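Visitor: Contents of upload-v2.txt (compact mmCIF, C-alpha atoms):
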# COMPACT_ATOMS: atom_id res chain seq x y z
CA MET A 1 67.91 145.05 106.51
CA SER A 2 65.28 147.17 108.19
CA GLU A 3 63.73 147.89 104.81
CA ASP A 4 63.21 144.26 104.03
CA PRO A 5 59.44 143.87 103.83
CA SER A 6 59.65 140.21 104.75
CA ASP A 7 60.84 141.19 108.23
CA GLN A 8 57.41 142.62 108.86
CA GLN A 9 55.65 139.54 107.57
CA PRO A 10 53.99 137.15 109.98
CA GLU A 11 55.64 133.80 110.45
CA LEU A 12 54.38 130.91 108.41
CA SER A 13 52.03 128.53 110.09
CA ALA A 14 53.24 124.99 110.68
CA GLU A 15 51.11 123.83 107.79
CA GLU A 16 52.41 126.53 105.45
CA ALA A 17 55.96 125.70 106.50
CA ALA A 18 55.42 122.01 105.79
CA LEU A 19 54.01 122.80 102.35
CA LEU A 20 56.93 125.09 101.59
CA ARG A 21 59.38 122.43 102.71
CA GLU A 22 57.80 119.88 100.43
CA ARG A 23 57.74 122.36 97.55
CA LEU A 24 61.43 123.09 98.09
CA ARG A 25 62.21 119.39 98.20
CA ARG A 26 60.98 119.01 94.67
CA LEU A 27 63.76 121.38 93.56
CA ASP A 28 66.46 119.17 95.08
CA PRO A 29 69.25 118.86 92.47
CA ALA A 30 70.38 115.61 94.10
CA ALA A 31 66.98 113.98 93.76
CA GLY A 32 68.01 112.06 90.65
CA LEU A 33 71.41 111.04 91.97
CA GLU A 34 72.03 107.33 91.62
CA PRO A 35 73.21 105.44 94.72
CA THR A 36 76.97 105.29 95.06
CA PRO A 37 78.33 102.16 93.36
CA GLU A 38 80.01 99.71 95.73
CA LEU A 39 83.27 100.04 93.82
CA THR A 40 83.25 103.79 94.40
CA VAL A 41 82.53 103.32 98.08
CA ALA A 42 85.40 100.85 98.41
CA ARG A 43 87.69 103.22 96.57
CA LEU A 44 86.74 106.16 98.75
CA LEU A 45 87.32 104.18 101.93
CA ALA A 46 90.66 102.92 100.71
CA GLN A 47 91.59 106.40 99.61
CA ALA A 48 90.86 107.94 102.98
CA ARG A 49 92.95 105.31 104.71
CA GLU A 50 95.83 105.62 102.29
CA ASP A 51 95.90 109.39 102.60
CA GLN A 52 95.78 109.12 106.34
CA LEU A 53 98.77 106.79 106.24
CA ALA A 54 100.65 109.12 103.97
CA ASP A 55 99.96 112.01 106.31
CA LEU A 56 100.95 110.36 109.57
CA PRO A 57 103.02 112.71 111.72
CA GLU A 58 105.72 110.04 111.87
CA THR A 59 106.25 110.32 108.14
CA ARG A 60 106.45 114.07 108.16
CA GLN A 61 109.79 114.03 109.89
CA THR A 62 111.21 112.20 106.93
CA GLY A 63 110.10 114.76 104.41
CA VAL A 64 106.92 116.72 104.21
CA HIS A 65 104.88 116.36 101.08
CA ASP A 66 102.15 118.56 99.83
CA ARG A 67 100.70 116.50 97.08
CA SER A 68 97.09 117.10 96.51
CA ARG A 69 95.05 114.22 97.80
CA LEU A 70 92.58 115.17 95.19
CA THR A 71 94.82 113.90 92.44
CA TRP A 72 94.24 110.37 93.71
CA LEU A 73 90.56 110.43 93.32
CA VAL A 74 89.52 109.22 89.96
CA ALA A 75 90.81 105.76 90.48
CA ALA A 76 90.63 102.74 88.29
CA ALA A 77 89.54 99.36 89.60
CA ALA A 78 89.71 99.31 93.34
CA LEU A 79 88.88 95.98 94.85
CA VAL A 80 91.26 93.15 95.34
CA LEU A 81 89.70 90.39 93.34
CA ILE A 82 90.80 86.89 93.95
CA ALA A 83 89.85 85.57 90.56
CA GLY A 84 90.27 82.00 89.49
CA VAL A 85 89.09 82.86 86.01
CA GLY A 86 91.75 85.52 85.83
CA ALA A 87 94.38 82.92 86.54
CA VAL A 88 93.33 80.75 83.64
CA VAL A 89 93.30 83.64 81.24
CA LEU A 90 96.62 84.76 82.58
CA LEU A 91 98.27 81.39 82.28
CA ASP A 92 96.99 80.91 78.77
CA ARG A 93 98.53 84.16 77.85
CA ASP A 94 101.79 83.31 79.49
CA GLY A 95 103.19 80.81 77.06
CA GLY A 96 105.60 83.11 75.34
CA SER A 97 106.63 85.39 78.11
CA THR A 98 110.03 85.86 79.61
CA PRO A 99 111.73 82.73 80.93
CA ALA A 100 112.45 84.35 84.27
CA ALA A 101 108.80 84.67 84.99
CA ALA A 102 107.04 81.90 83.12
CA PRO A 103 105.04 80.08 85.76
CA THR A 104 104.83 76.74 84.01
CA SER A 105 105.61 75.01 80.79
CA ASP A 106 102.08 73.73 80.55
CA PRO A 107 99.82 76.70 80.78
CA SER A 108 96.64 74.76 80.37
CA THR A 109 96.85 72.60 83.45
CA ASP A 110 99.17 73.57 86.21
CA VAL A 111 97.20 76.31 87.85
CA GLN A 112 98.16 75.06 91.30
CA SER A 113 101.87 74.69 90.67
CA PRO A 114 104.18 76.67 92.91
CA VAL A 115 106.09 79.49 91.38
CA PRO A 116 109.56 78.52 90.19
CA GLY A 117 111.89 79.83 92.84
CA GLY A 118 115.11 80.42 90.95
CA SER A 119 117.31 82.51 93.17
CA GLU A 120 114.35 84.23 94.79
CA PRO A 121 113.52 83.75 98.46
CA GLU A 122 110.96 81.22 99.52
CA GLY A 123 107.38 82.28 99.93
CA THR A 124 105.79 82.61 103.34
CA GLY A 125 102.87 80.40 102.47
CA THR A 126 101.59 78.09 99.81
CA PRO A 127 100.29 80.11 96.88
CA THR A 128 96.70 79.47 96.10
CA GLY A 129 97.24 79.22 92.38
CA ARG A 130 94.94 82.13 91.79
CA ALA A 131 95.58 85.61 90.54
CA THR A 132 95.25 88.70 92.64
CA VAL A 133 94.08 91.65 90.60
CA LEU A 134 95.08 95.13 91.64
CA GLY A 135 94.17 98.58 90.42
CA VAL A 136 96.17 101.77 90.18
CA PRO A 137 95.34 105.05 91.88
CA ALA A 138 94.81 107.73 89.27
CA GLY A 139 96.98 110.80 89.36
CA VAL A 140 99.84 108.58 90.43
CA GLY A 141 102.32 110.33 88.20
CA SER A 142 101.62 113.74 89.66
CA ALA A 143 101.88 112.72 93.30
CA ARG A 144 104.60 114.10 95.51
CA CYS A 145 105.19 112.01 98.55
CA ALA A 146 106.92 111.63 101.85
CA VAL A 147 109.99 109.45 102.17
CA PRO A 148 108.72 105.89 102.65
CA ALA A 149 108.39 104.78 106.26
CA ALA A 150 108.18 101.24 107.59
CA GLU A 151 105.20 102.08 109.75
CA VAL A 152 103.19 103.21 106.76
CA LEU A 153 104.30 100.19 104.78
CA SER A 154 103.32 97.85 107.60
CA ARG A 155 99.70 98.91 107.21
CA GLN A 156 99.50 97.76 103.62
CA THR A 157 97.37 94.67 103.36
CA LEU A 158 99.33 93.08 100.53
CA ALA A 159 103.09 93.10 100.09
CA PHE A 160 105.24 90.80 98.02
CA ASP A 161 108.50 90.25 96.20
CA ALA A 162 107.92 89.49 92.53
CA VAL A 163 109.32 89.38 89.04
CA VAL A 164 107.44 91.13 86.26
CA SER A 165 106.47 88.53 83.71
CA GLU A 166 104.68 90.77 81.27
CA VAL A 167 103.91 94.40 80.60
CA GLN A 168 101.29 95.24 78.05
CA ASP A 169 98.58 97.81 77.49
CA GLY A 170 96.47 98.01 80.58
CA LEU A 171 98.11 95.08 82.35
CA VAL A 172 101.25 94.28 84.29
CA THR A 173 101.62 90.64 85.31
CA LEU A 174 103.83 89.74 88.22
CA THR A 175 104.97 86.39 89.49
CA PRO A 176 105.48 86.62 93.25
CA SER A 177 108.17 84.64 95.00
CA MET A 178 107.42 85.76 98.53
CA PHE A 179 104.54 87.40 100.33
CA PHE A 180 105.26 89.67 103.28
CA ALA A 181 101.55 90.28 103.79
CA GLY A 182 98.30 89.13 102.26
CA GLU A 183 97.18 85.86 100.78
CA PRO A 184 99.86 84.27 98.59
CA THR A 185 98.84 83.71 94.98
CA THR A 186 100.83 82.50 92.02
CA GLN A 187 100.13 85.58 89.98
CA VAL A 188 99.30 89.19 90.57
CA GLU A 189 97.91 91.38 87.87
CA VAL A 190 97.86 95.12 87.95
CA GLN A 191 95.08 96.28 85.72
CA ALA A 192 94.19 99.81 84.75
CA PRO A 193 93.22 101.81 81.70
CA PRO A 194 96.37 102.24 79.59
CA GLU A 195 96.71 105.94 80.35
CA VAL A 196 96.49 105.31 84.09
CA LEU A 197 98.86 102.37 83.89
CA GLN A 198 101.25 104.55 81.96
CA GLN A 199 101.37 106.91 84.92
CA LEU A 200 102.18 103.98 87.19
CA LEU A 201 104.97 102.90 84.85
CA LEU A 202 106.41 106.40 84.99
CA ALA A 203 106.42 106.14 88.77
CA VAL A 204 107.65 102.57 89.12
CA ASP A 205 109.08 101.59 85.70
CA PHE A 206 108.04 97.95 85.66
CA GLN A 207 110.31 96.07 83.25
CA GLU A 208 109.79 92.51 82.17
CA GLY A 209 112.12 90.09 83.90
CA GLU A 210 113.07 92.52 86.66
CA ARG A 211 112.44 92.03 90.35
CA TYR A 212 110.21 94.35 92.37
CA LEU A 213 108.79 94.85 95.80
CA VAL A 214 105.11 95.64 95.57
CA ALA A 215 102.70 96.81 98.25
CA ALA A 216 98.98 97.42 97.98
CA THR A 217 96.03 98.23 100.10
CA GLY A 218 92.37 98.56 99.32
CA GLY A 219 93.08 96.80 96.04
CA GLU A 220 95.35 99.52 94.74
CA VAL A 221 99.07 99.50 94.29
CA ALA A 222 100.78 101.73 96.84
CA VAL A 223 103.06 104.16 95.10
CA CYS A 224 105.04 106.97 96.71
CA GLY A 225 108.16 104.81 96.91
CA TYR A 226 106.51 101.82 98.57
CA THR A 227 106.39 99.88 95.34
CA GLY A 228 109.60 99.83 93.37
CA ALA A 229 112.44 97.91 91.81
CA TRP A 230 114.09 95.57 94.30
CA THR A 231 116.98 97.20 96.12
CA PRO A 232 118.63 96.17 99.40
CA ASP A 233 117.28 99.36 100.97
CA LEU A 234 113.71 98.76 99.88
CA GLU A 235 113.91 95.14 100.98
CA GLN A 236 115.21 96.32 104.36
CA LEU A 237 112.15 98.59 104.62
CA TYR A 238 109.86 95.62 103.85
CA LEU A 239 111.64 93.47 106.42
CA GLU A 240 111.23 96.21 109.03
CA ALA A 241 107.58 96.65 108.16
CA PHE A 242 106.83 92.93 108.14
CA PRO A 243 109.21 91.38 110.65
CA GLY A 244 107.18 88.18 110.87
CA MET B 1 85.51 97.75 117.49
CA ALA B 2 88.83 98.40 115.76
CA PRO B 3 89.25 101.90 114.31
CA ASP B 4 89.35 100.49 110.77
CA GLN B 5 86.02 98.75 111.22
CA ARG B 6 84.49 101.72 112.94
CA PHE B 7 85.58 103.99 110.15
CA ASP B 8 84.25 101.63 107.52
CA ALA B 9 80.88 101.33 109.19
CA LEU B 10 80.59 105.05 109.78
CA ALA B 11 81.79 106.05 106.33
CA ARG B 12 79.41 103.65 104.67
CA GLU B 13 76.57 105.21 106.62
CA LEU B 14 77.64 108.74 105.73
CA ILE B 15 78.86 108.52 102.15
CA GLU B 16 75.42 108.64 100.56
CA PRO B 17 74.05 111.67 102.45
CA LEU B 18 77.38 113.46 102.15
CA ARG B 19 77.49 112.85 98.44
CA ARG B 20 74.03 114.33 98.10
CA PHE B 21 74.90 117.26 100.34
CA LEU B 22 77.90 118.09 98.17
CA ALA B 23 76.13 117.44 94.87
CA ARG B 24 73.56 120.05 95.88
CA ARG B 25 76.22 122.69 96.35
CA ALA B 26 79.01 122.11 93.85
CA ASP B 27 79.86 120.84 90.41
CA PRO B 28 80.55 117.08 90.27
CA ALA B 29 84.35 117.30 90.28
CA THR B 30 84.47 119.69 93.22
CA ALA B 31 81.89 117.62 95.07
CA GLU B 32 83.95 114.49 94.57
CA ASP B 33 87.09 116.18 95.83
CA ALA B 34 85.28 117.55 98.86
CA LEU B 35 83.82 114.12 99.62
CA ALA B 36 87.28 112.57 99.67
CA GLU B 37 88.53 115.32 101.95
CA THR B 38 85.56 114.89 104.23
CA LEU B 39 86.19 111.17 104.59
CA LEU B 40 89.81 111.85 105.34
CA VAL B 41 88.83 114.22 108.14
CA LEU B 42 86.37 111.61 109.38
CA TRP B 43 89.15 109.03 109.52
CA ARG B 44 91.55 111.42 111.22
CA ARG B 45 89.03 112.60 113.78
CA LEU B 46 87.27 109.33 114.37
CA ASP B 47 87.36 109.86 118.14
CA ASP B 48 85.61 113.23 117.82
CA VAL B 49 82.62 111.92 115.88
CA PRO B 50 79.49 112.38 118.01
CA GLU B 51 76.79 109.82 118.51
CA GLN B 52 74.63 111.48 115.86
CA PRO B 53 77.31 111.80 113.21
CA LEU B 54 75.42 113.31 110.30
CA PRO B 55 75.21 117.01 111.27
CA TRP B 56 78.83 116.87 112.36
CA ALA B 57 79.77 115.28 109.05
CA TYR B 58 77.82 117.91 107.13
CA ALA B 59 79.73 120.61 108.98
CA VAL B 60 83.01 118.97 107.98
CA ALA B 61 81.84 118.64 104.39
CA ARG B 62 80.79 122.26 104.35
CA ASN B 63 84.26 123.35 105.44
CA CYS B 64 85.95 121.05 102.94
CA LEU B 65 83.75 122.40 100.20
CA ALA B 66 84.51 125.98 101.17
CA ASN B 67 88.22 125.17 101.03
CA ALA B 68 87.86 123.52 97.65
CA LEU B 69 85.91 126.45 96.26
CA ARG B 70 88.45 128.92 97.63
CA GLY B 71 91.16 126.92 95.91
CA GLU B 72 89.24 126.92 92.65
CA ARG B 73 88.68 130.64 92.81
CA ARG B 74 92.35 131.19 93.50
CA GLN B 75 93.31 129.01 90.56
CA ALA B 76 90.77 130.76 88.36
CA ARG B 77 92.21 134.13 89.33
CA LEU B 78 95.71 132.94 88.57
CA ALA B 79 94.60 131.49 85.26
CA ALA B 80 92.80 134.72 84.42
CA ARG B 81 95.88 136.71 85.30
CA ALA B 82 97.96 134.43 83.13
CA ALA B 83 95.52 134.95 80.29
CA SER B 84 95.61 138.68 81.07
CA MET B 85 92.23 139.98 79.96
CA GLU B 86 90.00 137.00 80.62
CA GLN B 87 87.55 137.06 83.47
CA PRO B 88 88.04 134.42 86.15
CA GLN B 89 85.70 131.53 85.77
CA VAL B 90 84.76 128.99 88.36
CA GLU B 91 82.43 126.23 87.39
CA GLU B 92 79.01 126.94 88.78
CA GLY B 93 77.37 124.66 91.28
CA PRO B 94 74.32 122.65 90.36
CA GLU B 95 71.12 124.38 89.44
CA VAL B 96 67.95 123.42 91.18
CA VAL B 97 65.72 121.10 89.24
CA LEU B 98 64.37 123.26 86.45
CA GLY B 99 60.92 123.03 85.00
CA VAL B 100 59.50 121.68 88.24
CA ASP B 101 58.82 124.94 90.01
CA ASP B 102 60.66 127.77 88.31
CA GLU B 103 58.89 130.38 90.37
CA LEU B 104 60.22 128.90 93.59
CA ALA B 105 63.64 128.31 92.06
CA THR B 106 63.85 131.97 91.08
CA ALA B 107 62.70 133.10 94.51
CA LEU B 108 65.25 130.85 96.23
CA ALA B 109 68.02 132.14 94.00
CA ALA B 110 67.07 135.70 94.89
CA LEU B 111 67.53 135.16 98.63
CA PRO B 112 70.70 136.10 100.47
CA GLU B 113 73.00 133.06 100.55
CA GLN B 114 72.69 132.68 104.31
CA ASP B 115 68.91 132.36 104.02
CA ALA B 116 69.09 130.03 101.06
CA GLU B 117 71.52 127.74 102.84
CA LEU B 118 69.27 127.54 105.88
CA LEU B 119 66.36 126.60 103.66
CA ARG B 120 68.43 124.02 101.80
CA LEU B 121 69.52 122.38 105.05
CA TRP B 122 65.94 122.40 106.21
CA ALA B 123 64.26 121.17 103.04
CA TRP B 124 66.90 119.19 101.19
CA GLU B 125 68.86 117.67 104.05
CA GLN B 126 65.64 117.53 106.08
CA LEU B 127 67.39 118.73 109.22
CA GLU B 128 65.74 120.12 112.31
CA PRO B 129 66.91 123.44 113.80
CA ARG B 130 69.16 121.82 116.42
CA GLU B 131 70.85 119.80 113.66
CA ILE B 132 71.19 122.83 111.41
CA ALA B 133 72.75 124.58 114.39
CA GLU B 134 75.43 121.88 114.51
CA VAL B 135 76.13 122.19 110.82
CA LEU B 136 76.40 125.97 110.89
CA GLU B 137 78.02 126.04 114.31
CA ILE B 138 75.54 128.54 115.72
CA THR B 139 72.90 128.18 118.42
CA ALA B 140 69.64 126.37 117.80
CA ASN B 141 67.81 129.49 118.87
CA ALA B 142 69.59 131.55 116.24
CA VAL B 143 68.69 128.93 113.64
CA SER B 144 65.02 129.05 114.59
CA VAL B 145 64.91 132.82 114.32
CA ARG B 146 66.80 132.93 111.03
CA LEU B 147 64.80 130.05 109.60
CA HIS B 148 61.54 131.84 110.31
CA ARG B 149 62.90 134.93 108.67
CA ALA B 150 64.26 132.99 105.66
CA ARG B 151 60.90 131.33 105.08
CA ALA B 152 59.14 134.68 105.34
CA ARG B 153 61.56 136.21 102.86
CA LEU B 154 61.06 133.34 100.49
CA ARG B 155 57.32 133.77 100.69
CA ALA B 156 57.72 137.50 100.10
CA GLN B 157 59.79 136.76 97.01
CA LEU B 158 57.12 134.37 95.78
CA GLU B 159 54.47 137.02 96.18
CA ARG B 160 56.33 139.45 93.99
CA VAL B 161 55.42 139.65 90.37
CA PRO B 162 57.80 137.48 88.31
CA GLY B 163 60.70 139.56 87.09
CA GLU B 164 60.69 141.79 90.13
CA VAL B 165 62.71 139.57 92.39
CA GLU B 166 65.35 141.28 94.42
CA THR B 167 68.97 140.48 93.94
CA PRO B 168 70.76 138.84 96.85
CA GLY B 169 73.17 140.72 99.06
CA LEU B 170 70.93 142.88 101.17
Before anything else, please render the file you have as structure tokens.
Guide:
Amino acid sequence: MSEDPSDQQPELSAEEAALLRERLRRLDPAAGLEPTPELTVARLLAQAREDQLADLPETRQTGVHDRSRLTWLVAAAALVLIAGVGAVVLLDRDGGSTPAAAPTSDPSTDVQSPVPGGSEPEGTGTPTGRATVLGVPAGVGSARCAVPAAEVLSRQTLAFDAVVSEVQDGLVTLTPSMFFAGEPTTQVEVQAPPEVLQQLLLAVDFQEGERYLVAATGGEVAVCGYTGAWTPDLEQLYLEAFPG
Amino acid sequence: MAPDQRFDALARELIEPLRRFLARRADPATAEDALAETLLVLWRRLDDVPEQPLPWAYAVARNCLANALRGERRQARLAARAASMEQPQVEEGPEVVLGVDDELATALAALPEQDAELLRLWAWEQLEPREIAEVLEITANAVSVRLHRARARLRAQLERVPGEVETPGL
């Protein structure tokens, strides 16, 4: 250090320092960075919250997980979109789907019709007749998670009991029969690039005509055991989380 | 204000500068990972966030980035070991803007990392010494002294004939 000639140099004047600062600024590698898209911001916020929920001390007692939060990052669509247009498209497409889930015999008109109940429980509110569109967190298939806890589940903004009406590339369509949380709609779509959706299917195994309990927050389906095929145990967890 | 709302407001304010901070110091994938980690820490430690959150947030981001880079180096070493003879490779961080002022870029690259980081915080993040002190968790006085010295070293590098720059690690 003592041989460094710069140590003997006089300090820069304020003016020289200002010029140097400006000259350095022009080298800034982030100068051309585009502003963060709103979708990315929403995804990042949702991600931080979801990871925080997954890491609550209360959940650790039920089984520590060490999944990398980083695997969740490159997410697909993130915002919950209440999309009337989506509902029309969806209903048009629904004509030939499984009887258990077909929302109506007249797909062109009855957007507002309630979901056929069958043996399913009654909904908590009147469905709006619109479709809720959800995304899927990427890296879902590689996540290792804590045992689901009601407290974590209770913080999800959307939770419902539904039958899968259709599974196709990039899209799972669900017909909810009851909403534990969130605004009731007659349809919920889970949309994601096929490869991402495939990972979700590995985790949840959505099958047409089968009944599921689905939770979501920040516009993304909650995995890690919170979304799954209907079982008495999972329903019990939902009832604990959403006692209302 | 509810914690959720507070976090949202704060994170929205910080995401852009944090993203730039990380983009200046890491490859895009590592920067993105470190940003997510930083926001998670922000959410967890919401009550600790000071009134002027940015230097504090930069300090968190810096630690998250260091962790991410350590992880990458570890993985690279393991991968290299698995591939026996290969040298470990970690993706390099971003280069400064080339073609704008190559002389200065070369001089900056030749500085010890500690000096270069001080200058980056000063010129790229546009922080004042007391803010840099928060980021680096040292005293403002120490920052002032080191910053003077870093600027003098940079000028000394610039005065050298091109090709004679010293290598870092004095």
Visitor: One decimal, Å: what's the distance from atom CA of Glu16 of chain A over to atom CA of Leu18 of chain B, could you say?
Guide: 28.4 Å
Visitor: A:Ala14, A:Leu213, A:Ala192, A:Leu153: which is nearest Val172 of chain A, counting all atoms listed in the file?
Guide: A:Ala192
Visitor: Using only C-alpha atoms, which residue out of B:Ala123, B:Ala59, B:Leu10, B:Ala76 lies closest to Ile138 of chain B?
Guide: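 Selected residue with least distance to Ile138 of chain B: B:Ala59.
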Visitor: Calculate how many Å separate atom CA of Trp124 of chain B from atom CA of Ala11 of chain B, rounding to one decimal.
Guide: 20.5 Å
Visitor: Show me which bits of chain B are within 9 Å of chain A, counting all atoms listed in the file, as an MDAnalysis selection string.
Guide: chainID B and resid 4 7:8 11:12 15:16 19:25 32:44 94:98 100:102 104:105 108 119:120 122:124 126 148:157 170
Visitor: When you draw a straight line from atom CA of Asp115 of chain B to atom CA of Glu72 of chain B, how long is it in Å?
Guide: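 The value is 23.9 Å.
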Visitor: Restricting the calculation to all atoms listed in the file, which member of B:Leu147, B:Glu131, B:Leu158, B:Glu137 is positioned closest to Gln114 of chain B?
Guide: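 Nearest candidate to Gln114 of chain B out of B:Leu147, B:Glu131, B:Leu158, B:Glu137: B:Leu147.
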Visitor: I'd like the neighbourhood of Glu189 of chain A as a list in words, where a residue qualifies if any of its atoms comes within 10 Å (using only C-alpha atoms), though same-chain residues fewer than 2 positions away should be ignored.
Guide: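 Result of the neighbour search: Leu81, Gly86, Ala87, Leu90, Ala131, Thr132, Val133, Leu134, Gly135, Val164, Ser165, Glu166, Val167, Gly170, Leu171, Val172, Thr173, Leu174, Thr175, Gln187, Gln191 and Ala192 of chain A.
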Visitor: Restricting the calculation to only C-alpha atoms: of A:Arg211, A:Ala216, A:Val204, A:Leu158, which residue gets closest to Pro232 of chain A?
Guide: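 The answer is A:Arg211, which sits nearest to Pro232 of chain A.
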Visitor: B:Ala110, B:Val143, B:Leu46, B:Ile132: which is nearest Arg62 of chain B, counting all atoms listed in the file?
Guide: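 That would be B:Ile132, the residue with the smallest distance to Arg62 of chain B.
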Visitor: Around all of segment 35-51 of chain B's listed atoms, make the axis-aligned box with 3 Å on each side and tell me centre and edge lengths in Å to one decimal, as AutoDock Vina command-line options.
Guide:
--center_x 84.2 --center_y 112.2 --center_z 109.1 --size_x 20.8 --size_y 12.3 --size_z 24.9
Visitor: Could you check which of A:Tyr212, A:Phe206, A:Tyr226, A:Phe242 is closest to Gly182 of chain A, using all atoms listed in the file?
Guide: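 Ranked by minimum distance to Gly182 of chain A, first place goes to A:Phe242.
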